[in-house]
Amino acid sequence: MKHRRTIFTRLFPRPFTRLWAPIFASSLVPLATVSGALLLAPAQAQAEATSATCEIHTVLAMKTGDGIPDELGFLAGQLRDDQFAAFKSFRLLESKSLKLKLGETGAAMMTSGHQLKLQLLDAESSKLKLHAVLASGEKVLVDTDYRIESNGILLIGGVRHPDGKVFFAIRCRGG
């Protein structure tokens, strides 16, 4: 019978392997058990967050006016970015809240005539994966999956409005 060469037999001569192989193999069993437990821990953490609360803010960006109102203070950093440089003022048109459970879809009909649907796809310890659909009547404007930190803000926008552009700020918190 031909002896198979393994990494262990290449490293150690044959008499050594006969003596130490059982001891070496028995030390691997606890190591594999500990590794398996470490691999299962993140999956258990993912299962803990099964819901999210989302706030949807409809914001009007205008080329005239005087700045960012206090009620939009939570968006001030984003509204001062280059992508909004063409606008001089912003107005909060409305805010709505949705409670989502894992796998379920929530919908909000906005006074602008747009409908926003959100579905919680996955919830890890600090990140949420959501599916968002923004529609105007029968026309779908945005249909996307995204992953974001819990309490992070996603801006969807650029929808025409007689006074400027409308965009939606979506902030979801897992829990």
# chains A, B, ... in the order shown; residues from 1 in each chain; ligands from 1
$ residues_around --residues "Thr144 of chain A" --least-positions-apart "5" --cutoff "12 Å" --atoms "only C-alpha atoms" --output "list in words"
Leu116, Lys117, Leu118, Gln119, Leu121, Lys129, Leu130, His131, Ala132, Val133, Leu134, Ala135, Leu154 and Ile156 of chain A
$ atom_distance --atom1 "atom CA of Lys139 of chain A" --atom2 "atom CA of Gly113 of chain A"
11.5 Å
$ closest_residue --among "A:Lys99, A:His114, A:Arg147, A:His161" --to "Gly175 of chain A" --atoms "only C-alpha atoms"
A:Lys99
$ atom_distance --atom1 "atom CA of Phe168 of chain A" --atom2 "atom CA of Leu120 of chain A"
17.7 Å
$ atom_distance --atom1 "atom CA of Leu141 of chain A" --atom2 "atom CA of Ile68 of chain A"
26.3 Å
$ decode --residues "segment 134-165 of chain A" --atoms "N, CA and C atoms" --output "short mmCIF file (atom, residue, chain, number, x, y, z; two decimals), in the first residue's frame"
data_model
loop_
_atom_site.label_atom_id
_atom_site.label_comp_id
_atom_site.auth_asym_id
_atom_site.auth_seq_id
_atom_site.Cartn_x
_atom_site.Cartn_y
_atom_site.Cartn_z
N LEU A 134 -40.37 54.49 -5.92
CA LEU A 134 -41.01 55.80 -5.97
C LEU A 134 -41.78 55.88 -7.28
N ALA A 135 -43.08 56.18 -7.17
CA ALA A 135 -43.92 56.22 -8.36
C ALA A 135 -44.74 57.51 -8.37
N SER A 136 -45.05 57.94 -9.58
CA SER A 136 -45.96 59.06 -9.79
C SER A 136 -47.08 58.51 -10.67
N GLY A 137 -48.23 58.27 -10.05
CA GLY A 137 -49.32 57.61 -10.76
C GLY A 137 -48.89 56.19 -11.09
N GLU A 138 -48.99 55.80 -12.35
CA GLU A 138 -48.58 54.47 -12.79
C GLU A 138 -47.11 54.41 -13.18
N LYS A 139 -46.46 55.58 -13.29
CA LYS A 139 -45.08 55.65 -13.75
C LYS A 139 -44.10 55.46 -12.58
N VAL A 140 -43.24 54.45 -12.69
CA VAL A 140 -42.22 54.20 -11.68
C VAL A 140 -41.01 55.08 -11.98
N LEU A 141 -40.64 55.91 -11.01
CA LEU A 141 -39.50 56.82 -11.18
C LEU A 141 -38.20 56.20 -10.67
N VAL A 142 -38.28 55.48 -9.55
CA VAL A 142 -37.11 54.84 -8.95
C VAL A 142 -37.55 53.47 -8.43
N ASP A 143 -36.74 52.46 -8.69
CA ASP A 143 -36.97 51.11 -8.19
C ASP A 143 -35.60 50.54 -7.86
N THR A 144 -35.23 50.51 -6.58
CA THR A 144 -33.87 50.14 -6.22
C THR A 144 -33.79 49.44 -4.87
N ASP A 145 -32.78 48.60 -4.72
CA ASP A 145 -32.39 48.03 -3.43
C ASP A 145 -31.20 48.82 -2.94
N TYR A 146 -31.15 49.05 -1.64
CA TYR A 146 -29.98 49.73 -1.09
C TYR A 146 -29.71 49.26 0.32
N ARG A 147 -28.46 49.38 0.74
CA ARG A 147 -28.03 49.03 2.09
C ARG A 147 -27.47 50.30 2.70
N ILE A 148 -27.90 50.58 3.93
CA ILE A 148 -27.51 51.83 4.58
C ILE A 148 -27.38 51.61 6.07
N GLU A 149 -26.53 52.40 6.70
CA GLU A 149 -26.40 52.36 8.14
C GLU A 149 -27.73 52.71 8.79
N SER A 150 -28.05 52.08 9.90
CA SER A 150 -29.25 52.43 10.63
C SER A 150 -29.18 53.91 11.00
N ASN A 151 -30.25 54.65 10.75
CA ASN A 151 -30.36 56.08 10.98
C ASN A 151 -29.67 56.91 9.89
N GLY A 152 -29.19 56.26 8.83
CA GLY A 152 -28.62 56.98 7.69
C GLY A 152 -29.73 57.55 6.82
N ILE A 153 -29.38 58.48 5.95
CA ILE A 153 -30.39 59.16 5.12
C ILE A 153 -30.10 58.89 3.64
N LEU A 154 -31.14 58.45 2.93
CA LEU A 154 -31.07 58.28 1.48
C LEU A 154 -31.90 59.39 0.86
N LEU A 155 -31.31 60.10 -0.10
CA LEU A 155 -32.03 61.16 -0.81
C LEU A 155 -32.40 60.67 -2.20
N ILE A 156 -33.68 60.74 -2.52
CA ILE A 156 -34.18 60.41 -3.85
C ILE A 156 -34.84 61.66 -4.38
N GLY A 157 -34.47 62.10 -5.57
CA GLY A 157 -35.12 63.32 -5.99
C GLY A 157 -34.85 63.80 -7.37
N GLY A 158 -35.17 65.07 -7.51
CA GLY A 158 -35.05 65.71 -8.80
C GLY A 158 -36.37 65.70 -9.56
N VAL A 159 -37.48 65.47 -8.85
CA VAL A 159 -38.79 65.45 -9.48
C VAL A 159 -39.26 66.88 -9.70
N ARG A 160 -39.70 67.19 -10.90
CA ARG A 160 -40.13 68.56 -11.22
C ARG A 160 -41.35 68.98 -10.41
N HIS A 161 -41.33 70.24 -10.06
CA HIS A 161 -42.41 70.88 -9.30
C HIS A 161 -42.52 72.30 -9.84
N PRO A 162 -43.70 72.91 -9.84
CA PRO A 162 -43.83 74.28 -10.37
C PRO A 162 -42.89 75.30 -9.69
N ASP A 163 -42.55 75.05 -8.42
CA ASP A 163 -41.69 75.99 -7.70
C ASP A 163 -40.23 75.56 -7.61
N GLY A 164 -39.87 74.43 -8.19
CA GLY A 164 -38.48 73.96 -8.12
C GLY A 164 -38.40 72.47 -8.35
N LYS A 165 -37.71 71.78 -7.45
CA LYS A 165 -37.55 70.33 -7.52
C LYS A 165 -37.94 69.71 -6.19
#
